[in-house]
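Contents: one structure, followed by commentary.
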Amino acid sequence: MKRAARWILSIAVIAAVTHLVAILILPRALMTLIVFKVSSEANGANQLYLPDRITSNSRKIVRPAPDLAYAICAYDLSDGPVIATLNASETYSSLSVFANNTDNVFAINDRAVTGDFSSVFLSSEDSEVTPPADAIAVKVPSNSGLILWRRVITSNADWPRADAARREVTCTPYHSKVSPVLAPES
Amino acid sequence: MRVLNITVTLGLGVAIGIWSASLMLKHQLNSSSVHNGPWRTLLTAGSTDAGMYQRSGIAIGGLLALSKQETLYFTAFEDSSGNLLQEQCNYRVLGNDPDARWWSLTAYAADHYLPQNDDNALSIAKTTVERDDGGHFEIMVSADPQPKNWISSRAAGDYSLTLRLYNPSSRVYKAPAAVKLPDILREDCQ
């Protein structure tokens, strides 16, 4: 009897641990997989990846929207901040930042763009690098994640414009301007 | 014998853990969604306030979803009478433009991807829908070609419809259960 009770208790403990681990790990595991896929397609982190136009065969990310032109960048802040830009647009377009637990930690759309484009300065929470004056500073809770640009395709005829627009966005490592070290005069 | 015992115990424990996680995920997603007729939306999609079950559910069925101020996602798995949306049936989606800057309606198969057909009728949007003089639209979701406003459900099986509202008005995202959304009416089934 005691043996049977111990067996049932063991199963219950393993089930509870599996349940919690599955629920807690799933978002990060899926994001890690997508970040890896995007980095591979873009030949590295902090590089822009322009997926093909969404069709019925698109299988990279669940529930893709066929009316949107996407651009995507897998960011990696371990070597410093990253600058991403969103251009002005006549129709809906947005730049959104996702942490590695799937949270949408920041989003900006074309209505908030001032001038020709807006810059977003992404840095880790412990970064001390000063952002450029004209950039929107965003502290991200994880060193890796995704930046996703969406631009509405208003009709099939609009696709070339939407495609051109997404090619104008940027995702690049930020190198703060450091005064050159002068060699002491001999 | 001991090895067999440990293997069975581990196997059973892991299987029950995964099964219960999947059940809880479905239950939590359903109970924490806001319902409006056949439509439902999870207001914490993409939000840092999402709980662990909601975050996992979003990772499976809506990865990279935006927060509610940017985009609201209403999804229907059933028609307005409560019947599952099925490929072998035809549906009329009737309504007016939702109160948002831009919107689109798309069909997704049970695997959360677009139906694998070559009908080139994956979605209808604010800028592509044809309306009558009163501004009403009638979208046909069917496996067979339709003369206008057609979304193809061919190869979709049991599917869902997602209505995306980009830059919804604050009236919409503050009271998503109260806004008028399109009706989904089942026509004939084969």
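Here, A, B, ... name the chains of the structure tokens in the order displayed, residue numbers run from 1 inside each chain, and ligands are numbered from 1 in the same displayed order.
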
Q: Would you kindly return, as a count of residues only, each protein, DNA or RNA residue with an atom no farther than 10 Å from any atom of Gln190 of chain B, considering only C-alpha atoms and excluding same-chain residues fewer than 5 positions away?
A: 4

Q. Which neighbours of Val21 of chain A fall inside 12 Å, counting only C-alpha atoms, when residues of the same chain fewer than 5 positions from it are skipped, and could you give them as JSON, numbers by chain?
A. {"A": [14, 15, 16, 26, 27, 28, 29], "B": [14, 17, 18, 21, 52, 53, 56]}

Q.
Set the distance at 8 Å and use only C-alpha atoms: which residues neighbour His112 of chain B once local chain neighbours fewer than 6 positions away are removed? I'd like the list as a ChimeraX atom specification.
A. /A:62-63 /B:61

Export of prior selection with N, CA and C atoms as a PDB file, in the first residue's frame:
ATOM      1  N   VAL A  62       3.971  31.857 -36.870  1.00  0.00           N
ATOM      2  CA  VAL A  62       2.533  31.543 -36.910  1.00  0.00           C
ATOM      3  C   VAL A  62       1.699  32.777 -37.222  1.00  0.00           C
ATOM      4  N   ARG A  63       0.544  32.557 -37.822  1.00  0.00           N
ATOM      5  CA  ARG A  63      -0.441  33.573 -38.153  1.00  0.00           C
ATOM      6  C   ARG A  63       0.172  34.796 -38.843  1.00  0.00           C
TER       7      ARG A  63
ATOM      8  N   GLY B  61       0.214  30.551 -30.486  1.00  0.00           N
ATOM      9  CA  GLY B  61      -0.774  30.950 -31.486  1.00  0.00           C
ATOM     10  C   GLY B  61      -0.729  32.400 -31.920  1.00  0.00           C
TER      11      GLY B  61
END

Q: Taking the chain letters and numbering used in this document, name the residues of chain B that DSSP puts in helix (DSSP H, G or I), as a PyMOL selection string.
A: chain B and resi 2-31+52-61+170-174

File of the preceding selection, C-alpha atoms, as a PDB file, in the first residue's frame:
ATOM      1  CA  ARG B   2      13.858  -1.364 -11.327  1.00  0.00           C
ATOM      2  CA  VAL B   3      14.862   0.360 -14.581  1.00  0.00           C
ATOM      3  CA  LEU B   4      11.467  -0.461 -16.094  1.00  0.00           C
ATOM      4  CA  ASN B   5       9.714   0.908 -13.022  1.00  0.00           C
ATOM      5  CA  ILE B   6      11.641   4.193 -13.171  1.00  0.00           C
ATOM      6  CA  THR B   7      11.027   4.516 -16.924  1.00  0.00           C
ATOM      7  CA  VAL B   8       7.272   3.974 -16.531  1.00  0.00           C
ATOM      8  CA  THR B   9       7.076   6.444 -13.621  1.00  0.00           C
ATOM      9  CA  LEU B  10       9.030   9.097 -15.552  1.00  0.00           C
ATOM     10  CA  GLY B  11       7.066   8.514 -18.752  1.00  0.00           C
ATOM     11  CA  LEU B  12       3.696   8.747 -17.004  1.00  0.00           C
ATOM     12  CA  GLY B  13       4.725  11.841 -15.048  1.00  0.00           C
ATOM     13  CA  VAL B  14       6.000  13.678 -18.133  1.00  0.00           C
ATOM     14  CA  ALA B  15       2.929  12.700 -20.194  1.00  0.00           C
ATOM     15  CA  ILE B  16       0.509  13.877 -17.500  1.00  0.00           C
ATOM     16  CA  GLY B  17       2.531  17.094 -17.052  1.00  0.00           C
ATOM     17  CA  ILE B  18       2.385  17.954 -20.766  1.00  0.00           C
ATOM     18  CA  TRP B  19      -1.293  16.991 -21.046  1.00  0.00           C
ATOM     19  CA  SER B  20      -2.275  19.113 -18.025  1.00  0.00           C
ATOM     20  CA  ALA B  21      -0.176  22.046 -19.297  1.00  0.00           C
ATOM     21  CA  SER B  22      -1.971  21.917 -22.631  1.00  0.00           C
ATOM     22  CA  LEU B  23      -5.396  21.740 -20.912  1.00  0.00           C
ATOM     23  CA  MET B  24      -4.595  24.640 -18.591  1.00  0.00           C
ATOM     24  CA  LEU B  25      -3.273  26.679 -21.513  1.00  0.00           C
ATOM     25  CA  LYS B  26      -6.558  26.301 -23.396  1.00  0.00           C
ATOM     26  CA  HIS B  27      -8.642  26.989 -20.296  1.00  0.00           C
ATOM     27  CA  GLN B  28      -6.643  30.044 -19.237  1.00  0.00           C
ATOM     28  CA  LEU B  29      -6.614  31.535 -22.749  1.00  0.00           C
ATOM     29  CA  ASN B  30     -10.372  31.102 -23.031  1.00  0.00           C
ATOM     30  CA  SER B  31     -11.188  32.428 -19.575  1.00  0.00           C
ATOM     31  CA  MET B  52       2.759  32.673 -17.676  1.00  0.00           C
ATOM     32  CA  TYR B  53      -0.120  30.772 -19.295  1.00  0.00           C
ATOM     33  CA  GLN B  54      -1.117  33.736 -21.465  1.00  0.00           C
ATOM     34  CA  ARG B  55       2.496  34.255 -22.562  1.00  0.00           C
ATOM     35  CA  SER B  56       2.814  30.587 -23.504  1.00  0.00           C
ATOM     36  CA  GLY B  57      -0.488  30.640 -25.381  1.00  0.00           C
ATOM     37  CA  ILE B  58       0.560  33.728 -27.315  1.00  0.00           C
ATOM     38  CA  ALA B  59       3.903  32.097 -28.139  1.00  0.00           C
ATOM     39  CA  ILE B  60       2.048  29.160 -29.728  1.00  0.00           C
ATOM     40  CA  GLY B  61      -0.774  30.950 -31.486  1.00  0.00           C
ATOM     41  CA  SER B 170      -9.426  54.035 -27.510  1.00  0.00           C
ATOM     42  CA  ARG B 171     -13.192  53.315 -27.414  1.00  0.00           C
ATOM     43  CA  VAL B 172     -12.431  49.927 -28.980  1.00  0.00           C
ATOM     44  CA  TYR B 173      -9.526  48.788 -26.858  1.00  0.00           C
ATOM     45  CA  LYS B 174     -11.043  50.112 -23.628  1.00  0.00           C
TER      46      LYS B 174
END

Q) Which chain A residues are at most 9 Å from chain B (counting only C-alpha atoms), as number ranges by chain? A) A: 7-8, 10-20, 22-28, 30-31, 55-59, 61-67, 91-92, 94, 96-98, 101-109, 146, 148, 152-155

Q: Work out how far apart atom CA of Asp183 of chain B and atom CA of Gly95 of chain B are and give it in Å to one decimal.
A: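 Value for the atom CA of Asp183 of chain B-atom CA of Gly95 of chain B distance: 6.5 Å.
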
Q) Can you list, as a PyMOL selection string, every protein, DNA or RNA residue that comes within 10 Å of Thr130 of chain A when you count only C-alpha atoms, leaving out same-chain residues fewer than 5 positions away? A) chain A and resi 81+121+123+137+176

Q: Write down as a PyMOL selection string the residues of segment 27-157 of chain A whose backbone DSSP state falls under strand (DSSP E or B).
A: chain A and resi 48-49+68-76+82-87+93-99+104-109+117-124+135-140+144-152

(Q) List the spatial neighbours of Val113 of chain A as a ChimeraX atom specification - criterion: any atom at most 12 Å away, only C-alpha atoms, same-chain residues fewer than 6 positions off excluded. (A) /A:85-90,92-95,107,119-120,134-136

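Between atom CA of Ala165 of chain A and atom CA of Ser169 of chain B lies a distance of 25.7 Å.
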
Q. Expressed in Å to a single decimal, how great is the separation between atom CA of Thr114 of chain A and atom CA of Pro168 of chain B?
A.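 Computing the Euclidean distance for atom CA of Thr114 of chain A and atom CA of Pro168 of chain B yields 21.3 Å.
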
Q: Could you give me, as a PyMOL selection string, the residues within 12 Å of Tyr174 of chain A, counting only C-alpha atoms and dropping anything in the same chain fewer than 2 positions from it?
A: chain A and resi 46+75-84+119-123+129-132+135+170-172+176-178

Q: With a distance cut-off of 9 Å and only C-alpha atoms, select the neighbouring residues of segment 35-42 of chain A, excluding the residue or stretch itself and same-chain residues fewer than 5 positions from it, and output the selection as a count of residues only.
A: 15
